[in-house]
Amino acid sequence: MQKLTVKKGYRFRMAGGPSSELVQLPAPAQVALLPERIAHIKPRLRVKKGDPVRIGSLLFEDKRNPSFKFLSPGGGTIRDIVFGPRRVIQSIVIDRQTEAEPEEAFPALKESALADVDRSQLTDQILNGGMWWVFRELPFRDLPAPDTVPPLIMVSLDAKEPFQAAPEVYLKEQEQLLAYGLKALNVLAPGKVVVFADDAEKELVLKTDRYLTHTVAGNYPSDDPGAVLYQLKTEAAQNRAWYVSGQDLLLLAHLLREGRYPTRRVVAVGGSAAPERRHYLTRLGAPLAQLVDLDRIDGSERFVVGGLFRGYASGREGFLGLYETALNVVPEGGQEEFLALFNPGMARHSYSRTFLSKFNPKRLVYNCNIHGDLRACIACMHCADVCPVDLLPQMIYKAVLAEEVEEYLEHGLLDCVECGLCSYVCPSKIELSRTFMTAKKEYAKERAGKSE
Amino acid sequence: MNMIRSFFESQRKHFQSEGALARLEPFYEAVERVFFGTGEVTRQAPHARDSLTVQRYMMLVIVMLLPCLFFGMYNVGLQSFKAAGQPLDFWPILLFGAKTVIPLVIISYLFGFGWEIVFATVRRHAISEGVFVTAMLFPLTLPPTTPWWQAALGISFGVILGKEVFGGTGRNFLNPALTGRAFLYFAYPIQMSGDAVWTAVYNSGNQAVDAVSAATPLAVATTAPATQSVEHALNTAGYDFSTLFLGLYPDSIGASSTLLCLIGAVVLIFIGVASYRIIIGDMLGVLAIGYALNLFAGEASAPYWSMNPFYHLLIGGSAFGIAYMSTDPVSAPDTHAARWIYGFFIGALTVLIRVFNPAFPEGIMLAILFMNVFAPLLDHMVIRLRIRRRIPNT
């Protein structure tokens, strides 16, 4: 086992972390799949409102590659298909049949059979089982082409973003499944599987040490495969590594081993405004209302599905996205604070040392206030000081605005792990990480256009 | 608080898109921010944002300049009273100093902020709080006898040609306060240099004096006779170590006290507002070149060569320039490595200009402006090196 260090990044002292208690919830009456929240894909619907569906029957496929299938997380009938602006498919909501939920059957593979299965057979089985989405390819985080052999497959057990489902909770009694999943990955990329966990999580490291190839020391986003790859890579070919998150790997293993489409999701509910902060065992695509007692919040909160730095804000009637394993309920903020400029700031969170909160050992409440207005960059270098992959965000930002493609690529834009720290620390409130994500997406589109 | 809130609420309509003063919206925003933080919330990830704002960043610099300002008032009064032979009572001294200094500060703010409003209105960008720092720095670098119209001209030049013509704060490559100061220095040498401008005249009524002539430590150091050391010459002129360190000598208004600049630098480094790389680089540059001159000093060389290098940090405005001027992040290079080099060269050039160019007794101003021009080049070189170390990803 090798130890890596992500030197930069930032450790938050944030109030509202979930406890490691796991509560099993009854299966919800509705579940949903949110095509809008799956990056890059172009969905082509294969069902319509009122259709009966089973767990694991096809809901839509990706127009770019119809073998990327997205299957139903529930059995029952399609209650609604919600379209957003420009006919973006926002969600496909399924009314679950409460008794004897119908289910598709998939071929199952015994663990012993994994050794003999060949790569194309396994990829077909994953594609047909509608689980190809668990794989994503760096740097664009798009679904990878099934016939390419990845230079590396990275599995991150950890989730350091505040707040995500903790590995010691979702891995509990799932170790065999993890072992199975890793074996399956080894078929896809023999000898190229990198499994890592946080070096500080001694118990987890001890428990999983026969699977781990690396431990990673560092602060958020040291759990990100991109940040780890940056420390790990020795040649440019490794830039196209694939990655799978720990919990998604369990889903994949479940599909292959049991021959059933997986629906189990461990979700962390955190955030300083959440009435109960703990882990819940629920279904893939569960409604948010199931996770938070709506009577116990007063309506001034923001629901962030995913972590506070990468997740998306959702209405209370929303559902969990396919990849998401957390719901953070944080105060919306929005009050204009009197004399904020002169506040010594005992309880104000900041990366800088300009507030007394540096001496405050307590965990601080983070709300959604921007705390300032857009200003020109004053080269304070906070963004470069936190960037886990040694970018100079303020330089790249200027290059992106000037559309100097070669220049920003040279600066390493594609190494950006989209952690959002640069936007967080910016005193000028410049939307750095959002700009980078958009630029990356544009560039990905351009490349895809060229290769066709 | 509610009264202030409702005042802003009642005035806001005039500055919104339909109001009569809609174009002055940046002005309204800048004033409102003094009293109230923004109520805006994030619309996209990351959902939380740092509590630090540019306003606070700049405000902290101004706070650290206030001791220099108050000390400057006292020192201006003290030097005048000494020259006029008046009794050295604290309050009359401070009052006289304030009467000399405050108008210059007010003029600086009036014109600096005024031009910022004009440009923000015409160019439709927000008012950047950097101008408040510029307008505080500028008067502190002036001789106390500066005519008011020259102060107005200087700050206007600094803000407009040093900053606004390039697009405002964040896009200027020169330090605006120093640009204005340098403009005055070259345009009006009579009022900006020599021995007669550093002490404000105290007219006690019966004797009318036009100017008080007193050699500044820099002038003493430059003209020290070959037979004695600079330290000795300074001592004879009444500038012993503690006087120099405390800054109780005739000089520009707020730049003389090395002690206060040291405190300011330490605090600004501690809160992370000033780059320690620049400040330490500056000091290393001064000491290294000062020491190198010591080594090369021979019989025939001027005594300035063999001055204790630490004295370069004590006399003149070098400490002020190092703590507050060279650390302006916008006109300094961005990358950390370049900041070390930038700092070192500022320090080195300061000493070289002082010692080798008798036309410019003070070198820090020109050294900083000179290195400001080179900052992008230093950045460029550091970035090329960084890129070479990266594994390409395209």
# chains A, B, ... in the order shown; residues from 1 in each chain; ligands from 1

call {"tool": "interface_residues", "arguments": {"of": "chain A", "to": "chain B", "cutoff": "7 Å", "atoms": "only C-alpha atoms", "output": "JSON, numbers by chain"}}
result
{"A": [235, 236, 239, 308, 309, 310, 311, 312, 333, 334, 335, 336, 337, 338, 339, 340, 341, 348, 349, 350, 351, 352, 353, 354, 366, 367, 368, 369, 370, 371, 372, 375, 376, 377, 378, 379, 380, 381, 409, 410, 411, 412, 414, 415, 420, 423, 424, 425, 427, 428]}

call {"tool": "write_last_selection", "arguments": {"atoms": "N, CA and C atoms", "output": "CSV table (one decimal), in the first residue's frame"}}
result
chain,number,residue,atom,x,y,z
A,235,GLU,N,2.5,9.7,-16.7
A,235,GLU,CA,2.5,10.0,-18.1
A,235,GLU,C,1.1,10.5,-18.6
A,236,ALA,N,1.1,11.2,-19.7
A,236,ALA,CA,-0.1,11.8,-20.2
A,236,ALA,C,-1.2,10.8,-20.5
A,239,ASN,N,-4.1,10.3,-18.1
A,239,ASN,CA,-5.2,11.3,-17.9
A,239,ASN,C,-6.6,10.8,-18.2
A,308,LEU,N,-22.0,20.2,-0.4
A,308,LEU,CA,-22.2,21.6,-0.4
A,308,LEU,C,-21.4,22.3,-1.6
A,309,PHE,N,-20.4,21.6,-2.1
A,309,PHE,CA,-19.5,22.2,-3.0
A,309,PHE,C,-19.7,21.7,-4.4
A,310,ARG,N,-20.4,20.6,-4.6
A,310,ARG,CA,-20.7,20.2,-6.0
A,310,ARG,C,-22.1,19.8,-6.2
A,311,GLY,N,-22.9,19.8,-5.2
A,311,GLY,CA,-24.3,19.3,-5.3
A,311,GLY,C,-25.2,20.3,-6.0
A,312,TYR,N,-26.4,20.0,-6.2
A,312,TYR,CA,-27.4,20.9,-6.8
A,312,TYR,C,-28.5,21.2,-5.9
A,333,GLY,N,-29.8,31.8,4.2
A,333,GLY,CA,-29.1,33.1,4.5
A,333,GLY,C,-29.9,34.1,3.7
A,334,GLY,N,-29.2,35.2,3.3
A,334,GLY,CA,-29.9,36.2,2.5
A,334,GLY,C,-30.2,37.4,3.2
A,335,GLN,N,-29.9,37.5,4.5
A,335,GLN,CA,-30.2,38.7,5.3
A,335,GLN,C,-29.0,39.7,5.0
A,336,GLU,N,-29.3,40.9,4.9
A,336,GLU,CA,-28.2,41.9,4.8
A,336,GLU,C,-27.7,42.2,6.2
A,337,GLU,N,-26.5,41.7,6.5
A,337,GLU,CA,-26.0,41.9,7.9
A,337,GLU,C,-25.5,43.3,8.1
A,338,PHE,N,-25.9,43.9,9.2
A,338,PHE,CA,-25.5,45.2,9.6
A,338,PHE,C,-24.0,45.3,9.9
A,339,LEU,N,-23.3,46.2,9.3
A,339,LEU,CA,-21.9,46.4,9.6
A,339,LEU,C,-21.0,45.1,9.4
A,340,ALA,N,-21.4,44.3,8.4
A,340,ALA,CA,-20.7,43.1,8.2
A,340,ALA,C,-19.2,43.3,8.0
A,341,LEU,N,-18.9,44.5,7.4
A,341,LEU,CA,-17.6,44.8,7.0
A,341,LEU,C,-16.7,44.9,8.3
A,348,ARG,N,-17.6,33.6,11.8
A,348,ARG,CA,-17.7,33.7,10.3
A,348,ARG,C,-16.7,32.7,9.7
A,349,HIS,N,-17.1,31.9,8.9
A,349,HIS,CA,-16.2,30.9,8.3
A,349,HIS,C,-15.4,31.6,7.1
A,350,SER,N,-14.1,31.3,7.1
A,350,SER,CA,-13.3,31.9,6.0
A,350,SER,C,-12.0,31.1,5.9
A,351,TYR,N,-11.6,31.0,4.6
A,351,TYR,CA,-10.3,30.4,4.4
A,351,TYR,C,-9.2,31.4,4.9
A,352,SER,N,-9.4,32.7,4.7
A,352,SER,CA,-8.4,33.6,5.0
A,352,SER,C,-8.2,33.7,6.5
A,353,ARG,N,-7.3,34.5,7.0
A,353,ARG,CA,-7.1,34.7,8.4
A,353,ARG,C,-7.6,36.0,8.9
A,354,THR,N,-8.6,36.6,8.2
A,354,THR,CA,-9.0,37.9,8.5
A,354,THR,C,-10.2,37.9,9.5
A,366,TYR,N,-22.5,27.2,8.0
A,366,TYR,CA,-22.3,27.8,6.6
A,366,TYR,C,-23.6,28.0,6.0
A,367,ASN,N,-23.9,29.2,5.5
A,367,ASN,CA,-25.2,29.4,4.8
A,367,ASN,C,-24.9,29.7,3.4
A,368,CYS,N,-25.9,30.1,2.6
A,368,CYS,CA,-25.7,30.2,1.2
A,368,CYS,C,-25.5,31.7,0.7
A,369,ASN,N,-25.2,32.5,1.7
A,369,ASN,CA,-25.0,33.9,1.4
A,369,ASN,C,-23.6,34.1,0.6
A,370,ILE,N,-23.6,34.9,-0.4
A,370,ILE,CA,-22.4,35.1,-1.1
A,370,ILE,C,-21.4,35.9,-0.4
A,371,HIS,N,-21.9,36.7,0.6
A,371,HIS,CA,-21.0,37.6,1.4
A,371,HIS,C,-20.2,38.6,0.7
A,372,GLY,N,-20.7,39.1,-0.4
A,372,GLY,CA,-20.0,40.1,-1.1
A,372,GLY,C,-20.5,40.3,-2.5
A,375,ARG,N,-16.3,41.6,-7.9
A,375,ARG,CA,-15.2,42.6,-8.0
A,375,ARG,C,-14.2,42.0,-9.0
A,376,ALA,N,-13.3,42.9,-9.4
A,376,ALA,CA,-12.2,42.5,-10.2
A,376,ALA,C,-11.2,41.6,-9.4
A,377,CYS,N,-10.5,40.7,-10.0
A,377,CYS,CA,-9.5,39.9,-9.3
A,377,CYS,C,-8.4,40.8,-8.7
A,378,ILE,N,-8.1,40.6,-7.5
A,378,ILE,CA,-7.0,41.4,-6.9
A,378,ILE,C,-5.8,40.6,-6.6
A,379,ALA,N,-5.7,39.4,-7.2
A,379,ALA,CA,-4.5,38.5,-7.2
A,379,ALA,C,-4.2,38.2,-5.7
A,380,CYS,N,-5.1,37.9,-4.9
A,380,CYS,CA,-4.8,37.5,-3.5
A,380,CYS,C,-4.2,36.1,-3.4
A,381,MET,N,-4.4,35.4,-4.5
A,381,MET,CA,-3.8,34.0,-4.7
A,381,MET,C,-4.4,33.0,-3.8
A,409,LEU,N,-5.3,25.2,-21.8
A,409,LEU,CA,-5.0,23.8,-21.8
A,409,LEU,C,-3.6,23.6,-21.2
A,410,GLU,N,-2.7,24.4,-21.7
A,410,GLU,CA,-1.3,24.3,-21.2
A,410,GLU,C,-1.2,24.6,-19.7
A,411,HIS,N,-2.1,25.5,-19.2
A,411,HIS,CA,-2.1,25.7,-17.8
A,411,HIS,C,-2.7,24.6,-17.0
A,412,GLY,N,-3.3,23.6,-17.7
A,412,GLY,CA,-3.8,22.5,-17.0
A,412,GLY,C,-5.3,22.5,-16.7
A,414,LEU,N,-7.7,21.0,-17.8
A,414,LEU,CA,-8.3,19.6,-17.8
A,414,LEU,C,-8.0,18.9,-16.5
A,415,ASP,N,-7.0,19.3,-15.8
A,415,ASP,CA,-6.7,18.7,-14.5
A,415,ASP,C,-7.7,19.1,-13.4
A,420,GLY,N,-14.7,23.1,-6.6
A,420,GLY,CA,-15.4,24.4,-6.1
A,420,GLY,C,-14.7,25.2,-5.1
A,423,SER,N,-13.9,28.9,-6.1
A,423,SER,CA,-15.0,29.8,-6.0
A,423,SER,C,-15.3,30.1,-4.6
A,424,TYR,N,-15.1,29.1,-3.7
A,424,TYR,CA,-15.4,29.3,-2.3
A,424,TYR,C,-14.5,30.4,-1.7
A,425,VAL,N,-13.2,30.3,-2.0
A,425,VAL,CA,-12.3,31.2,-1.3
A,425,VAL,C,-12.3,32.6,-1.9
A,427,PRO,N,-12.4,36.2,-2.7
A,427,PRO,CA,-13.0,37.4,-2.0
A,427,PRO,C,-13.7,38.3,-3.1
A,428,SER,N,-13.3,38.2,-4.3
A,428,SER,CA,-14.0,39.0,-5.4
A,428,SER,C,-15.2,38.3,-5.9

call {"tool": "select_by_dssp", "arguments": {"residues": "stretch 304-373 of chain B", "states": "helix (DSSP H, G or I)", "output": "PDB file with N, CA and C atoms, in the first residue's frame"}}
result
ATOM      1  N   TYR B 304      28.559  56.411   2.106  1.00  0.00           N
ATOM      2  CA  TYR B 304      27.257  55.733   1.961  1.00  0.00           C
ATOM      3  C   TYR B 304      27.448  54.232   1.702  1.00  0.00           C
ATOM      4  N   TRP B 305      28.543  53.894   0.981  1.00  0.00           N
ATOM      5  CA  TRP B 305      28.816  52.492   0.666  1.00  0.00           C
ATOM      6  C   TRP B 305      28.971  51.650   1.917  1.00  0.00           C
ATOM      7  N   SER B 306      29.635  52.234   2.900  1.00  0.00           N
ATOM      8  CA  SER B 306      29.937  51.399   4.064  1.00  0.00           C
ATOM      9  C   SER B 306      28.922  51.564   5.188  1.00  0.00           C
ATOM     10  N   TYR B 311      20.525  50.274   8.234  1.00  0.00           N
ATOM     11  CA  TYR B 311      20.126  51.681   8.218  1.00  0.00           C
ATOM     12  C   TYR B 311      19.294  52.025   6.988  1.00  0.00           C
ATOM     13  N   HIS B 312      19.472  51.248   5.912  1.00  0.00           N
ATOM     14  CA  HIS B 312      18.656  51.503   4.723  1.00  0.00           C
ATOM     15  C   HIS B 312      17.182  51.274   5.013  1.00  0.00           C
ATOM     16  N   LEU B 313      16.902  50.389   5.974  1.00  0.00           N
ATOM     17  CA  LEU B 313      15.508  50.138   6.328  1.00  0.00           C
ATOM     18  C   LEU B 313      14.982  51.196   7.293  1.00  0.00           C
ATOM     19  N   LEU B 314      15.894  51.933   7.912  1.00  0.00           N
ATOM     20  CA  LEU B 314      15.465  52.903   8.914  1.00  0.00           C
ATOM     21  C   LEU B 314      15.198  54.273   8.311  1.00  0.00           C
ATOM     22  N   SER B 318      11.709  53.622   2.891  1.00  0.00           N
ATOM     23  CA  SER B 318      11.803  52.235   2.436  1.00  0.00           C
ATOM     24  C   SER B 318      10.903  51.305   3.234  1.00  0.00           C
ATOM     25  N   ALA B 319      10.828  51.497   4.550  1.00  0.00           N
ATOM     26  CA  ALA B 319       9.992  50.603   5.357  1.00  0.00           C
ATOM     27  C   ALA B 319       8.531  50.737   4.948  1.00  0.00           C
ATOM     28  N   PHE B 320       8.104  51.974   4.725  1.00  0.00           N
ATOM     29  CA  PHE B 320       6.714  52.202   4.319  1.00  0.00           C
ATOM     30  C   PHE B 320       6.437  51.573   2.953  1.00  0.00           C
ATOM     31  N   GLY B 321       7.380  51.778   2.045  1.00  0.00           N
ATOM     32  CA  GLY B 321       7.218  51.211   0.709  1.00  0.00           C
ATOM     33  C   GLY B 321       7.164  49.694   0.753  1.00  0.00           C
ATOM     34  N   ILE B 322       8.018  49.110   1.572  1.00  0.00           N
ATOM     35  CA  ILE B 322       8.064  47.654   1.664  1.00  0.00           C
ATOM     36  C   ILE B 322       6.756  47.108   2.237  1.00  0.00           C
ATOM     37  N   ALA B 323       6.296  47.731   3.339  1.00  0.00           N
ATOM     38  CA  ALA B 323       5.126  47.178   4.026  1.00  0.00           C
ATOM     39  C   ALA B 323       3.842  47.425   3.241  1.00  0.00           C
ATOM     40  N   TYR B 324       3.698  48.596   2.653  1.00  0.00           N
ATOM     41  CA  TYR B 324       2.387  48.949   2.122  1.00  0.00           C
ATOM     42  C   TYR B 324       2.326  49.126   0.610  1.00  0.00           C
ATOM     43  N   MET B 325       3.452  49.448  -0.009  1.00  0.00           N
ATOM     44  CA  MET B 325       3.394  49.744  -1.440  1.00  0.00           C
ATOM     45  C   MET B 325       3.763  48.537  -2.293  1.00  0.00           C
ATOM     46  N   HIS B 336       3.902  32.865  -6.479  1.00  0.00           N
ATOM     47  CA  HIS B 336       4.678  33.001  -5.254  1.00  0.00           C
ATOM     48  C   HIS B 336       6.177  33.126  -5.533  1.00  0.00           C
ATOM     49  N   ALA B 337       6.665  32.316  -6.442  1.00  0.00           N
ATOM     50  CA  ALA B 337       8.101  32.356  -6.729  1.00  0.00           C
ATOM     51  C   ALA B 337       8.478  33.724  -7.286  1.00  0.00           C
ATOM     52  N   ALA B 338       7.640  34.241  -8.181  1.00  0.00           N
ATOM     53  CA  ALA B 338       7.936  35.545  -8.776  1.00  0.00           C
ATOM     54  C   ALA B 338       7.905  36.641  -7.721  1.00  0.00           C
ATOM     55  N   ARG B 339       7.099  36.427  -6.673  1.00  0.00           N
ATOM     56  CA  ARG B 339       7.016  37.455  -5.631  1.00  0.00           C
ATOM     57  C   ARG B 339       8.317  37.564  -4.844  1.00  0.00           C
ATOM     58  N   TRP B 340       8.966  36.438  -4.642  1.00  0.00           N
ATOM     59  CA  TRP B 340      10.285  36.492  -3.987  1.00  0.00           C
ATOM     60  C   TRP B 340      11.253  37.330  -4.819  1.00  0.00           C
ATOM     61  N   ILE B 341      11.297  37.029  -6.110  1.00  0.00           N
ATOM     62  CA  ILE B 341      12.253  37.720  -6.986  1.00  0.00           C
ATOM     63  C   ILE B 341      11.912  39.205  -7.052  1.00  0.00           C
ATOM     64  N   TYR B 342      10.617  39.450  -7.219  1.00  0.00           N
ATOM     65  CA  TYR B 342      10.132  40.832  -7.288  1.00  0.00           C
ATOM     66  C   TYR B 342      10.562  41.606  -6.043  1.00  0.00           C
ATOM     67  N   GLY B 343      10.337  41.019  -4.882  1.00  0.00           N
ATOM     68  CA  GLY B 343      10.706  41.669  -3.635  1.00  0.00           C
ATOM     69  C   GLY B 343      12.206  41.918  -3.568  1.00  0.00           C
ATOM     70  N   PHE B 344      12.964  40.896  -3.902  1.00  0.00           N
ATOM     71  CA  PHE B 344      14.416  41.027  -3.799  1.00  0.00           C
ATOM     72  C   PHE B 344      14.918  42.173  -4.672  1.00  0.00           C
ATOM     73  N   PHE B 345      14.404  42.245  -5.888  1.00  0.00           N
ATOM     74  CA  PHE B 345      14.873  43.294  -6.796  1.00  0.00           C
ATOM     75  C   PHE B 345      14.436  44.680  -6.339  1.00  0.00           C
ATOM     76  N   ILE B 346      13.265  44.771  -5.741  1.00  0.00           N
ATOM     77  CA  ILE B 346      12.853  46.086  -5.218  1.00  0.00           C
ATOM     78  C   ILE B 346      13.857  46.544  -4.168  1.00  0.00           C
ATOM     79  N   GLY B 347      14.165  45.642  -3.248  1.00  0.00           N
ATOM     80  CA  GLY B 347      15.117  46.002  -2.195  1.00  0.00           C
ATOM     81  C   GLY B 347      16.472  46.369  -2.771  1.00  0.00           C
ATOM     82  N   ALA B 348      16.927  45.544  -3.716  1.00  0.00           N
ATOM     83  CA  ALA B 348      18.246  45.771  -4.293  1.00  0.00           C
ATOM     84  C   ALA B 348      18.283  47.110  -5.028  1.00  0.00           C
ATOM     85  N   LEU B 349      17.256  47.353  -5.843  1.00  0.00           N
ATOM     86  CA  LEU B 349      17.238  48.598  -6.618  1.00  0.00           C
ATOM     87  C   LEU B 349      17.144  49.821  -5.714  1.00  0.00           C
ATOM     88  N   THR B 350      16.378  49.674  -4.622  1.00  0.00           N
ATOM     89  CA  THR B 350      16.248  50.798  -3.703  1.00  0.00           C
ATOM     90  C   THR B 350      17.625  51.260  -3.236  1.00  0.00           C
ATOM     91  N   VAL B 351      18.437  50.297  -2.807  1.00  0.00           N
ATOM     92  CA  VAL B 351      19.757  50.651  -2.302  1.00  0.00           C
ATOM     93  C   VAL B 351      20.626  51.217  -3.425  1.00  0.00           C
ATOM     94  N   LEU B 352      20.556  50.588  -4.581  1.00  0.00           N
ATOM     95  CA  LEU B 352      21.402  51.042  -5.687  1.00  0.00           C
ATOM     96  C   LEU B 352      21.047  52.468  -6.098  1.00  0.00           C
ATOM     97  N   ILE B 353      19.739  52.744  -6.186  1.00  0.00           N
ATOM     98  CA  ILE B 353      19.331  54.099  -6.579  1.00  0.00           C
ATOM     99  C   ILE B 353      19.782  55.103  -5.522  1.00  0.00           C
ATOM    100  N   ARG B 354      19.585  54.757  -4.267  1.00  0.00           N
ATOM    101  CA  ARG B 354      19.969  55.671  -3.189  1.00  0.00           C
ATOM    102  C   ARG B 354      21.453  55.996  -3.241  1.00  0.00           C
ATOM    103  N   VAL B 355      22.256  54.953  -3.399  1.00  0.00           N
ATOM    104  CA  VAL B 355      23.694  55.142  -3.249  1.00  0.00           C
ATOM    105  C   VAL B 355      24.325  55.733  -4.513  1.00  0.00           C
ATOM    106  N   PHE B 356      23.839  55.289  -5.658  1.00  0.00           N
ATOM    107  CA  PHE B 356      24.547  55.663  -6.885  1.00  0.00           C
ATOM    108  C   PHE B 356      23.923  56.827  -7.622  1.00  0.00           C
ATOM    109  N   ILE B 364      13.051  53.902  -3.166  1.00  0.00           N
ATOM    110  CA  ILE B 364      12.026  52.852  -3.099  1.00  0.00           C
ATOM    111  C   ILE B 364      10.897  53.088  -4.082  1.00  0.00           C
ATOM    112  N   MET B 365      10.542  54.360  -4.261  1.00  0.00           N
ATOM    113  CA  MET B 365       9.428  54.664  -5.152  1.00  0.00           C
ATOM    114  C   MET B 365       9.723  54.192  -6.571  1.00  0.00           C
ATOM    115  N   LEU B 366      10.896  54.564  -7.059  1.00  0.00           N
ATOM    116  CA  LEU B 366      11.238  54.188  -8.427  1.00  0.00           C
ATOM    117  C   LEU B 366      11.484  52.689  -8.538  1.00  0.00           C
ATOM    118  N   ALA B 367      12.064  52.108  -7.478  1.00  0.00           N
ATOM    119  CA  ALA B 367      12.321  50.663  -7.513  1.00  0.00           C
ATOM    120  C   ALA B 367      11.012  49.894  -7.643  1.00  0.00           C
ATOM    121  N   ILE B 368      10.005  50.305  -6.863  1.00  0.00           N
ATOM    122  CA  ILE B 368       8.730  49.586  -6.923  1.00  0.00           C
ATOM    123  C   ILE B 368       8.078  49.775  -8.289  1.00  0.00           C
ATOM    124  N   LEU B 369       8.058  50.996  -8.773  1.00  0.00           N
ATOM    125  CA  LEU B 369       7.424  51.225 -10.077  1.00  0.00           C
ATOM    126  C   LEU B 369       8.158  50.451 -11.174  1.00  0.00           C
ATOM    127  N   PHE B 370       9.481  50.434 -11.066  1.00  0.00           N
ATOM    128  CA  PHE B 370      10.273  49.715 -12.051  1.00  0.00           C
ATOM    129  C   PHE B 370       9.937  48.231 -12.028  1.00  0.00           C
ATOM    130  N   MET B 371       9.863  47.657 -10.831  1.00  0.00           N
ATOM    131  CA  MET B 371       9.563  46.229 -10.735  1.00  0.00           C
ATOM    132  C   MET B 371       8.108  45.931 -11.064  1.00  0.00           C
ATOM    133  N   ASN B 372       7.216  46.909 -10.827  1.00  0.00           N
ATOM    134  CA  ASN B 372       5.824  46.748 -11.267  1.00  0.00           C
ATOM    135  C   ASN B 372       5.790  46.425 -12.753  1.00  0.00           C
ATOM    136  N   VAL B 373       6.616  47.143 -13.501  1.00  0.00           N
ATOM    137  CA  VAL B 373       6.634  46.950 -14.949  1.00  0.00           C
ATOM    138  C   VAL B 373       7.145  45.553 -15.293  1.00  0.00           C
TER     139      VAL B 373
END

call {"tool": "select_by_dssp", "arguments": {"residues": "stretch 111-241 of chain A", "states": "strand (DSSP E or B)", "output": "MDAnalysis selection string"}}
result
chainID A and resid 136:137 142 153:156 193:198 214:218 220

call {"tool": "residues_around", "arguments": {"residues": "B:Met64", "least_positions_apart": "4", "cutoff": "9 Å", "atoms": "only C-alpha atoms", "output": "list in words"}}
result
Met59, Leu60, Cys68, Leu260, Cys261, Ile263, Gly264, Ala265, Val267 and Leu268 of chain B

call {"tool": "write_last_selection", "arguments": {"atoms": "N, CA and C atoms", "output": "compact mmCIF listing (two decimals), in the first residue's frame"}}
result
# COMPACT_ATOMS: atom_id res chain seq x y z
N MET B 59 -10.22 47.21 3.72
CA MET B 59 -10.45 47.91 4.98
C MET B 59 -9.33 47.58 5.97
N LEU B 60 -8.88 46.33 5.96
CA LEU B 60 -7.83 45.94 6.90
C LEU B 60 -6.52 46.66 6.61
N CYS B 68 -0.05 54.98 11.10
CA CYS B 68 0.90 55.81 10.36
C CYS B 68 0.34 57.21 10.17
N LEU B 260 6.26 51.59 13.13
CA LEU B 260 4.86 51.37 12.76
C LEU B 260 4.76 50.53 11.49
N CYS B 261 5.68 50.74 10.56
CA CYS B 261 5.65 49.94 9.33
C CYS B 261 5.93 48.48 9.64
N ILE B 263 5.25 46.98 12.52
CA ILE B 263 4.03 46.44 13.14
C ILE B 263 2.99 46.16 12.05
N GLY B 264 2.82 47.13 11.16
CA GLY B 264 1.85 46.96 10.08
C GLY B 264 2.18 45.74 9.24
N ALA B 265 3.44 45.58 8.88
CA ALA B 265 3.83 44.45 8.04
C ALA B 265 3.57 43.13 8.75
N VAL B 267 1.39 42.49 11.14
CA VAL B 267 -0.05 42.21 11.23
C VAL B 267 -0.59 41.80 9.86
N LEU B 268 -0.21 42.52 8.82
CA LEU B 268 -0.74 42.20 7.49
C LEU B 268 -0.28 40.81 7.03

call {"tool": "residues_around", "arguments": {"residues": "B:Gly97", "least_positions_apart": "3", "cutoff": "7 Å", "atoms": "only C-alpha atoms", "output": "list in words"}}
result
Met73, Tyr74, Val76, Gly77, Ile93, Leu94, Thr100 and Val101 of chain B

call {"tool": "residues_around", "arguments": {"residues": "A:Lys207", "least_positions_apart": "3", "cutoff": "10 Å", "atoms": "only C-alpha atoms", "output": "PyMOL selection string"}}
result
chain A and resi 168+171+175+202-204+210-212

call {"tool": "write_last_selection", "arguments": {"atoms": "N, CA and C atoms", "output": "CSV table (one decimal), in the first residue's frame"}}
result
chain,number,residue,atom,x,y,z
A,168,GLU,N,-17.5,4.1,6.3
A,168,GLU,CA,-17.7,3.1,7.3
A,168,GLU,C,-19.2,2.7,7.5
A,171,LEU,N,-20.2,0.7,3.9
A,171,LEU,CA,-19.5,-0.5,3.6
A,171,LEU,C,-19.8,-1.6,4.7
A,175,GLU,N,-18.7,-6.0,2.7
A,175,GLU,CA,-17.3,-6.1,2.3
A,175,GLU,C,-17.1,-7.2,1.2
A,202,LYS,N,-8.3,5.6,10.2
A,202,LYS,CA,-7.5,4.4,10.5
A,202,LYS,C,-8.3,3.1,10.5
A,203,GLU,N,-9.5,3.2,11.0
A,203,GLU,CA,-10.4,2.0,11.1
A,203,GLU,C,-10.7,1.5,9.8
A,204,LEU,N,-11.1,2.4,8.9
A,204,LEU,CA,-11.5,2.0,7.5
A,204,LEU,C,-10.3,1.4,6.8
A,210,ARG,N,-6.7,-5.0,2.7
A,210,ARG,CA,-6.3,-5.9,1.6
A,210,ARG,C,-6.8,-5.5,0.3
A,211,TYR,N,-7.7,-4.6,0.2
A,211,TYR,CA,-8.2,-4.1,-1.1
A,211,TYR,C,-7.5,-2.8,-1.5
A,212,LEU,N,-7.0,-2.1,-0.5
A,212,LEU,CA,-6.5,-0.8,-0.9
A,212,LEU,C,-5.1,-0.9,-1.6
